[in-house]
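Trainee: Below is one structure. I have some questions about it.
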Amino acid sequence: MRSMEVAGAAGTTITRVRSRVLDLPLPDAFHPAWGRGQVQRSFYVTIVEVETADGVTGVTAAEAGPEAAVCIDRFVTPHLLGEDPTSPERFVGVLRDAEILGSPVYCVEIALWDIIGKLARTPVYKVWGAVTDRVPAYCATGEVRDARERVEDCRRIAADGFRAVKLRFHADDPRDDLRVVEAIRGALGDSLAILVDANQAGVLPGLGGHRPWDHRTAVEVALELERLGVSWLEEPLLRHDYTGLRRLRDRLGTLQLAGGENNHGAHEFSLLIENGCYDILQPDAVLSEGIYQLRKVAALAEAAGLLVAPHTWTHGIGLLANLHLVASIPNTTWFEFPHEPPGWPAAALSQMLVDKPWIDADGCLPLPDRPGFGAELDEELVERYTIARFG
């Protein structure tokens, strides 16, 4: 019956694309490990709504401010108006070409699939074919803290119900970072799986404030992490260092290499797979490529025996979209759930949503049962923090 309803609605057209740029406050100062000493007190999000003649609106968001809104308004919207929103494959080239002239706007494909799900009155992950209705989540920290602080953080993280935590490695001497892992292992044993992110594939622009790893450092750190029973090491080298990543991966046994959040386009993920760079690919449906295109990447990864664990540190809408993605593929693992109080708790990432995602008693994120991706905007908050409008 639902398929007949969708077919009957397929004649609808896109009538408007509007964007609202938000400057959202954080509850406290946040010191991003990837930020070259920066202190962050707010973050930009551009809410994008694609409206149709049938009154159905698809919701998405870019992880950027006016630059994303301008890019969508100039290079994407003219090609969407009057077109069928239930044909997202037709617009793949538009979104890829838009990045040549502006910021990444792959997030627009999320809005089109949101419309499809709403027309079908079905969550998107079920439209694609559900594998599960909940996904195990890890607590993704975002700051560099000393061993004593991190041990206390991890006690709280475990008490909250998480079964895994991700740490940031950014000390001038990596041995100081390794001591943090040793302290957590000493205090909590194996009760928490530990993941490590070195952020070597890309940090915020600037001069200084970041000491890049060479290949030897990456090998030495990776071997120590393997000894400590860490599950994965993320972004140990530059994002296009295909040869170095493969050489590093060949040195390792139980420690898995993860990365890809800073690679863009299905072609780059194909290269990562062909070159044997990672065990776990980490694209993001907001930043890396269109969301359905990432299902194709996931299929290539599955054929190569690899896993997919998306990057999600954008905003609550992006987190939900990536959650639907992994719930519809068989080759996934821990799901990133950003949560670093007091500066960036999970509620801050999802403050634009009425219902803010949180883990269940088993440390898993349940999938929303609403049609589409399930993102319901808190309109009062969105209006309060809107600083610019387009469309």
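Ligands are numbered from 1 in the order shown, residues from 1 within each chain, and chains are lettered A, B, ... in the order they appear in the structure tokens.
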Which residues are near Leu192 (chain A)? Cut-off 12 Å, only C-alpha atoms, ignore same chain within fewer than 5 positions. Put them as a list in words.
Mentor: Ala137, Tyr138, Cys139, Val151, Asp153, Cys154, Arg155, Arg156, Ile157, Ala158, Ala159, Asp160, Gly161, Phe162, Arg163, Ala164, Val165, Lys166, Leu167, Val181, Ile184, Arg185, Gly186, Ala187, Gly229, Val230, Ser231 and Gly363 of chain A
Trainee: Excluding same-chain residues fewer than 5 positions from Asp177 (chain A), what lies within 12 Å of it counting only C-alpha atoms, as a PyMOL selection string?
Mentor: chain A and resi 143-147+150+167-172+182-184+196-198+221-222+224-225
Trainee: So, with only C-alpha atoms as the atoms that count, which of A:Ala201, A:Leu95, A:Val21, A:Ile291 lies closest to Ala258 (chain A)?
Mentor: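 Answer, going by the shortest atom-to-atom distance: A:Ala201.
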Trainee: Report as a ChimeraX atom specification: the residues of region 288-368 of chain A with a DSSP assignment of alpha helix (DSSP H), based on the backbone of this structure.
Mentor: /A:291-303,316-327,346-349
Trainee: Can you tell me which residues surround region 10-14 of chain A at a distance of at most 7 Å, considering only C-alpha atoms, apart from same-chain residues fewer than 5 positions away, and format the answer as a ChimeraX atom specification?
Mentor: /A:50-54,80-86
Trainee: Which neighbours of Gly142 (chain A) fall inside 8 Å, counting only C-alpha atoms, when residues of the same chain fewer than 3 positions from it are skipped, and could you give them as a ChimeraX atom specification?
Mentor: /A:31-33,167-168,338-340
Trainee: May I have the selected residues written with N, CA and C atoms, as a PDB file, in the first residue's frame?
Mentor:
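Once written, part_18.pdb looks like this:
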ATOM      1  N   HIS A  31      37.457  23.610  23.966  1.00  0.00           N
ATOM      2  CA  HIS A  31      38.812  23.697  23.424  1.00  0.00           C
ATOM      3  C   HIS A  31      39.026  22.523  22.465  1.00  0.00           C
ATOM      4  N   PRO A  32      38.663  22.672  21.188  1.00  0.00           N
ATOM      5  CA  PRO A  32      38.758  21.547  20.262  1.00  0.00           C
ATOM      6  C   PRO A  32      40.194  21.101  20.052  1.00  0.00           C
ATOM      7  N   ALA A  33      40.421  19.810  20.163  1.00  0.00           N
ATOM      8  CA  ALA A  33      41.775  19.282  20.003  1.00  0.00           C
ATOM      9  C   ALA A  33      42.335  19.597  18.629  1.00  0.00           C
ATOM     10  N   LEU A 167      39.386   9.012  22.544  1.00  0.00           N
ATOM     11  CA  LEU A 167      40.290  10.020  23.088  1.00  0.00           C
ATOM     12  C   LEU A 167      41.005  10.742  21.949  1.00  0.00           C
ATOM     13  N   ARG A 168      41.455  11.967  22.218  1.00  0.00           N
ATOM     14  CA  ARG A 168      42.222  12.749  21.247  1.00  0.00           C
ATOM     15  C   ARG A 168      43.702  12.736  21.629  1.00  0.00           C
ATOM     16  N   PRO A 338      29.124  12.434  19.758  1.00  0.00           N
ATOM     17  CA  PRO A 338      29.886  13.503  20.409  1.00  0.00           C
ATOM     18  C   PRO A 338      29.270  13.902  21.758  1.00  0.00           C
ATOM     19  N   HIS A 339      30.106  13.908  22.774  1.00  0.00           N
ATOM     20  CA  HIS A 339      29.621  14.257  24.122  1.00  0.00           C
ATOM     21  C   HIS A 339      30.831  14.608  24.980  1.00  0.00           C
ATOM     22  N   GLU A 340      31.080  15.911  25.135  1.00  0.00           N
ATOM     23  CA  GLU A 340      32.238  16.388  25.900  1.00  0.00           C
ATOM     24  C   GLU A 340      31.818  17.542  26.795  1.00  0.00           C
TER      25      GLU A 340
END
Trainee: Can you pull out every residue within 10 Å of Val59 (chain A), counting only C-alpha atoms, but drop anything in the same chain fewer than 4 positions away, and send it as a PDB file with N, CA and C atoms, in the first residue's frame?
Mentor:
ATOM      1  N   ILE A  47      20.500  25.588   8.510  1.00  0.00           N
ATOM      2  CA  ILE A  47      19.320  24.742   8.333  1.00  0.00           C
ATOM      3  C   ILE A  47      18.785  24.944   6.918  1.00  0.00           C
ATOM      4  N   VAL A  48      18.571  23.856   6.197  1.00  0.00           N
ATOM      5  CA  VAL A  48      18.085  23.913   4.823  1.00  0.00           C
ATOM      6  C   VAL A  48      16.769  23.136   4.744  1.00  0.00           C
ATOM      7  N   GLU A  49      15.754  23.783   4.168  1.00  0.00           N
ATOM      8  CA  GLU A  49      14.450  23.131   3.997  1.00  0.00           C
ATOM      9  C   GLU A  49      14.060  23.152   2.521  1.00  0.00           C
ATOM     10  N   VAL A  50      13.754  21.983   1.993  1.00  0.00           N
ATOM     11  CA  VAL A  50      13.321  21.826   0.606  1.00  0.00           C
ATOM     12  C   VAL A  50      11.819  21.570   0.621  1.00  0.00           C
ATOM     13  N   GLU A  51      11.060  22.535   0.104  1.00  0.00           N
ATOM     14  CA  GLU A  51       9.594  22.456   0.144  1.00  0.00           C
ATOM     15  C   GLU A  51       9.054  21.944  -1.191  1.00  0.00           C
ATOM     16  N   CYS A 107      24.950  17.736   1.916  1.00  0.00           N
ATOM     17  CA  CYS A 107      23.842  17.587   2.863  1.00  0.00           C
ATOM     18  C   CYS A 107      22.487  17.743   2.186  1.00  0.00           C
ATOM     19  N   VAL A 108      22.412  18.413   1.041  1.00  0.00           N
ATOM     20  CA  VAL A 108      21.125  18.631   0.371  1.00  0.00           C
ATOM     21  C   VAL A 108      20.463  17.306   0.017  1.00  0.00           C
ATOM     22  N   GLU A 109      21.274  16.285  -0.297  1.00  0.00           N
ATOM     23  CA  GLU A 109      20.680  14.988  -0.637  1.00  0.00           C
ATOM     24  C   GLU A 109      19.892  14.417   0.539  1.00  0.00           C
ATOM     25  N   ILE A 110      20.289  14.756   1.754  1.00  0.00           N
ATOM     26  CA  ILE A 110      19.552  14.303   2.936  1.00  0.00           C
ATOM     27  C   ILE A 110      18.117  14.804   2.892  1.00  0.00           C
ATOM     28  N   ALA A 111      17.923  16.057   2.500  1.00  0.00           N
ATOM     29  CA  ALA A 111      16.571  16.623   2.447  1.00  0.00           C
ATOM     30  C   ALA A 111      15.701  15.886   1.439  1.00  0.00           C
ATOM     31  N   LEU A 112      16.276  15.471   0.322  1.00  0.00           N
ATOM     32  CA  LEU A 112      15.497  14.764  -0.693  1.00  0.00           C
ATOM     33  C   LEU A 112      15.053  13.392  -0.183  1.00  0.00           C
ATOM     34  N   TRP A 113      15.940  12.683   0.478  1.00  0.00           N
ATOM     35  CA  TRP A 113      15.553  11.396   1.052  1.00  0.00           C
ATOM     36  C   TRP A 113      14.600  11.574   2.231  1.00  0.00           C
ATOM     37  N   ASP A 114      14.703  12.688   2.923  1.00  0.00           N
ATOM     38  CA  ASP A 114      13.738  12.993   3.985  1.00  0.00           C
ATOM     39  C   ASP A 114      12.335  13.130   3.398  1.00  0.00           C
ATOM     40  N   ILE A 115      12.236  13.789   2.251  1.00  0.00           N
ATOM     41  CA  ILE A 115      10.947  13.913   1.556  1.00  0.00           C
ATOM     42  C   ILE A 115      10.424  12.538   1.149  1.00  0.00           C
ATOM     43  N   ILE A 317      21.111  17.003  13.183  1.00  0.00           N
ATOM     44  CA  ILE A 317      20.473  16.512  11.968  1.00  0.00           C
ATOM     45  C   ILE A 317      21.421  15.576  11.227  1.00  0.00           C
ATOM     46  N   GLY A 372      10.769   9.768   7.371  1.00  0.00           N
ATOM     47  CA  GLY A 372      11.969  10.509   7.002  1.00  0.00           C
ATOM     48  C   GLY A 372      13.103  10.184   7.952  1.00  0.00           C
ATOM     49  N   PHE A 373      13.929  11.177   8.239  1.00  0.00           N
ATOM     50  CA  PHE A 373      15.036  10.983   9.175  1.00  0.00           C
ATOM     51  C   PHE A 373      14.642  11.279  10.617  1.00  0.00           C
ATOM     52  N   GLY A 374      13.447  11.797  10.828  1.00  0.00           N
ATOM     53  CA  GLY A 374      12.952  11.997  12.182  1.00  0.00           C
ATOM     54  C   GLY A 374      13.433  13.264  12.855  1.00  0.00           C
ATOM     55  N   ALA A 375      13.926  14.230  12.073  1.00  0.00           N
ATOM     56  CA  ALA A 375      14.412  15.485  12.653  1.00  0.00           C
ATOM     57  C   ALA A 375      13.270  16.493  12.749  1.00  0.00           C
ATOM     58  N   GLU A 376      12.842  16.781  13.958  1.00  0.00           N
ATOM     59  CA  GLU A 376      11.811  17.794  14.196  1.00  0.00           C
ATOM     60  C   GLU A 376      12.480  19.031  14.782  1.00  0.00           C
ATOM     61  N   LEU A 377      12.403  20.141  14.061  1.00  0.00           N
ATOM     62  CA  LEU A 377      13.099  21.359  14.476  1.00  0.00           C
ATOM     63  C   LEU A 377      12.413  22.028  15.660  1.00  0.00           C
TER      64      LEU A 377
END
Trainee: Mind checking which residues fall within 7 Å of Thr332 (chain A), counting only C-alpha atoms, ignoring those fewer than 6 positions away in the same chain, and posting them as a VMD selection string?
Mentor: chain A and resid 307 to 309 326
Trainee: Would you list the contacts of Val92 (chain A) as a PDB file with N, CA and C atoms, in the first residue's frame, taking every protein, DNA or RNA residue within 12 Å and counting only C-alpha atoms, but skipping same-chain residues closer than 4 positions in sequence?
Mentor:
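As a result, result-v7.pdb now contains:
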ATOM      1  N   VAL A  76      22.942  25.353  -6.381  1.00  0.00           N
ATOM      2  CA  VAL A  76      22.104  24.158  -6.249  1.00  0.00           C
ATOM      3  C   VAL A  76      20.628  24.464  -6.467  1.00  0.00           C
ATOM      4  N   HIS A  79      18.786  24.485  -9.859  1.00  0.00           N
ATOM      5  CA  HIS A  79      18.668  23.202 -10.535  1.00  0.00           C
ATOM      6  C   HIS A  79      17.660  22.272  -9.848  1.00  0.00           C
ATOM      7  N   LEU A  80      17.155  22.683  -8.677  1.00  0.00           N
ATOM      8  CA  LEU A  80      16.164  21.881  -7.956  1.00  0.00           C
ATOM      9  C   LEU A  80      14.738  22.357  -8.200  1.00  0.00           C
ATOM     10  N   SER A  87      13.692  11.932  -7.060  1.00  0.00           N
ATOM     11  CA  SER A  87      14.717  11.460  -7.998  1.00  0.00           C
ATOM     12  C   SER A  87      16.090  11.991  -7.605  1.00  0.00           C
ATOM     13  N   PRO A  88      16.560  11.672  -6.405  1.00  0.00           N
ATOM     14  CA  PRO A  88      17.809  12.279  -5.923  1.00  0.00           C
ATOM     15  C   PRO A  88      19.027  11.942  -6.768  1.00  0.00           C
ATOM     16  N   ARG A  96      28.115  17.530  -6.525  1.00  0.00           N
ATOM     17  CA  ARG A  96      29.567  17.368  -6.666  1.00  0.00           C
ATOM     18  C   ARG A  96      30.192  18.586  -7.327  1.00  0.00           C
ATOM     19  N   ASP A  97      29.536  19.097  -8.363  1.00  0.00           N
ATOM     20  CA  ASP A  97      30.096  20.253  -9.066  1.00  0.00           C
ATOM     21  C   ASP A  97      30.019  21.520  -8.227  1.00  0.00           C
ATOM     22  N   ALA A  98      29.014  21.620  -7.339  1.00  0.00           N
ATOM     23  CA  ALA A  98      28.881  22.807  -6.496  1.00  0.00           C
ATOM     24  C   ALA A  98      30.110  22.993  -5.615  1.00  0.00           C
ATOM     25  N   GLU A  99      30.735  21.877  -5.211  1.00  0.00           N
ATOM     26  CA  GLU A  99      31.907  21.980  -4.336  1.00  0.00           C
ATOM     27  C   GLU A  99      33.102  22.594  -5.058  1.00  0.00           C
ATOM     28  N   VAL A 105      28.187  20.865  -0.077  1.00  0.00           N
ATOM     29  CA  VAL A 105      26.752  20.942   0.212  1.00  0.00           C
ATOM     30  C   VAL A 105      26.078  19.603  -0.078  1.00  0.00           C
ATOM     31  N   TYR A 106      26.818  18.523   0.149  1.00  0.00           N
ATOM     32  CA  TYR A 106      26.256  17.183  -0.040  1.00  0.00           C
ATOM     33  C   TYR A 106      25.049  16.942   0.871  1.00  0.00           C
ATOM     34  N   CYS A 107      24.950  17.736   1.916  1.00  0.00           N
ATOM     35  CA  CYS A 107      23.842  17.587   2.863  1.00  0.00           C
ATOM     36  C   CYS A 107      22.487  17.743   2.186  1.00  0.00           C
ATOM     37  N   VAL A 108      22.412  18.413   1.041  1.00  0.00           N
ATOM     38  CA  VAL A 108      21.125  18.631   0.371  1.00  0.00           C
ATOM     39  C   VAL A 108      20.463  17.306   0.017  1.00  0.00           C
ATOM     40  N   GLU A 109      21.274  16.285  -0.297  1.00  0.00           N
ATOM     41  CA  GLU A 109      20.680  14.988  -0.637  1.00  0.00           C
ATOM     42  C   GLU A 109      19.892  14.417   0.539  1.00  0.00           C
ATOM     43  N   ILE A 110      20.289  14.756   1.754  1.00  0.00           N
ATOM     44  CA  ILE A 110      19.552  14.303   2.936  1.00  0.00           C
ATOM     45  C   ILE A 110      18.117  14.804   2.892  1.00  0.00           C
ATOM     46  N   LEU A 112      16.276  15.471   0.322  1.00  0.00           N
ATOM     47  CA  LEU A 112      15.497  14.764  -0.693  1.00  0.00           C
ATOM     48  C   LEU A 112      15.053  13.392  -0.183  1.00  0.00           C
ATOM     49  N   GLY A 265      34.031  12.788  -1.902  1.00  0.00           N
ATOM     50  CA  GLY A 265      33.712  12.160  -3.171  1.00  0.00           C
ATOM     51  C   GLY A 265      33.875  10.655  -3.129  1.00  0.00           C
ATOM     52  N   ALA A 266      32.972   9.941  -3.807  1.00  0.00           N
ATOM     53  CA  ALA A 266      33.041   8.479  -3.846  1.00  0.00           C
ATOM     54  C   ALA A 266      34.370   8.012  -4.426  1.00  0.00           C
ATOM     55  N   GLU A 289      30.001  13.249   0.894  1.00  0.00           N
ATOM     56  CA  GLU A 289      29.355  12.802  -0.329  1.00  0.00           C
ATOM     57  C   GLU A 289      27.862  12.684  -0.012  1.00  0.00           C
ATOM     58  N   GLY A 290      27.017  12.587  -1.031  1.00  0.00           N
ATOM     59  CA  GLY A 290      25.590  12.407  -0.791  1.00  0.00           C
ATOM     60  C   GLY A 290      25.321  11.146   0.002  1.00  0.00           C
ATOM     61  N   ILE A 291      24.245  11.154   0.803  1.00  0.00           N
ATOM     62  CA  ILE A 291      24.028  10.054   1.741  1.00  0.00           C
ATOM     63  C   ILE A 291      23.796   8.720   1.038  1.00  0.00           C
ATOM     64  N   TYR A 292      23.067   8.712  -0.070  1.00  0.00           N
ATOM     65  CA  TYR A 292      22.873   7.440  -0.769  1.00  0.00           C
ATOM     66  C   TYR A 292      24.148   7.021  -1.478  1.00  0.00           C
ATOM     67  N   GLN A 293      24.959   7.993  -1.869  1.00  0.00           N
ATOM     68  CA  GLN A 293      26.243   7.657  -2.488  1.00  0.00           C
ATOM     69  C   GLN A 293      27.137   6.941  -1.470  1.00  0.00           C
ATOM     70  N   LEU A 294      26.974   7.279  -0.192  1.00  0.00           N
ATOM     71  CA  LEU A 294      27.757   6.614   0.843  1.00  0.00           C
ATOM     72  C   LEU A 294      27.290   5.187   1.070  1.00  0.00           C
TER      73      LEU A 294
END
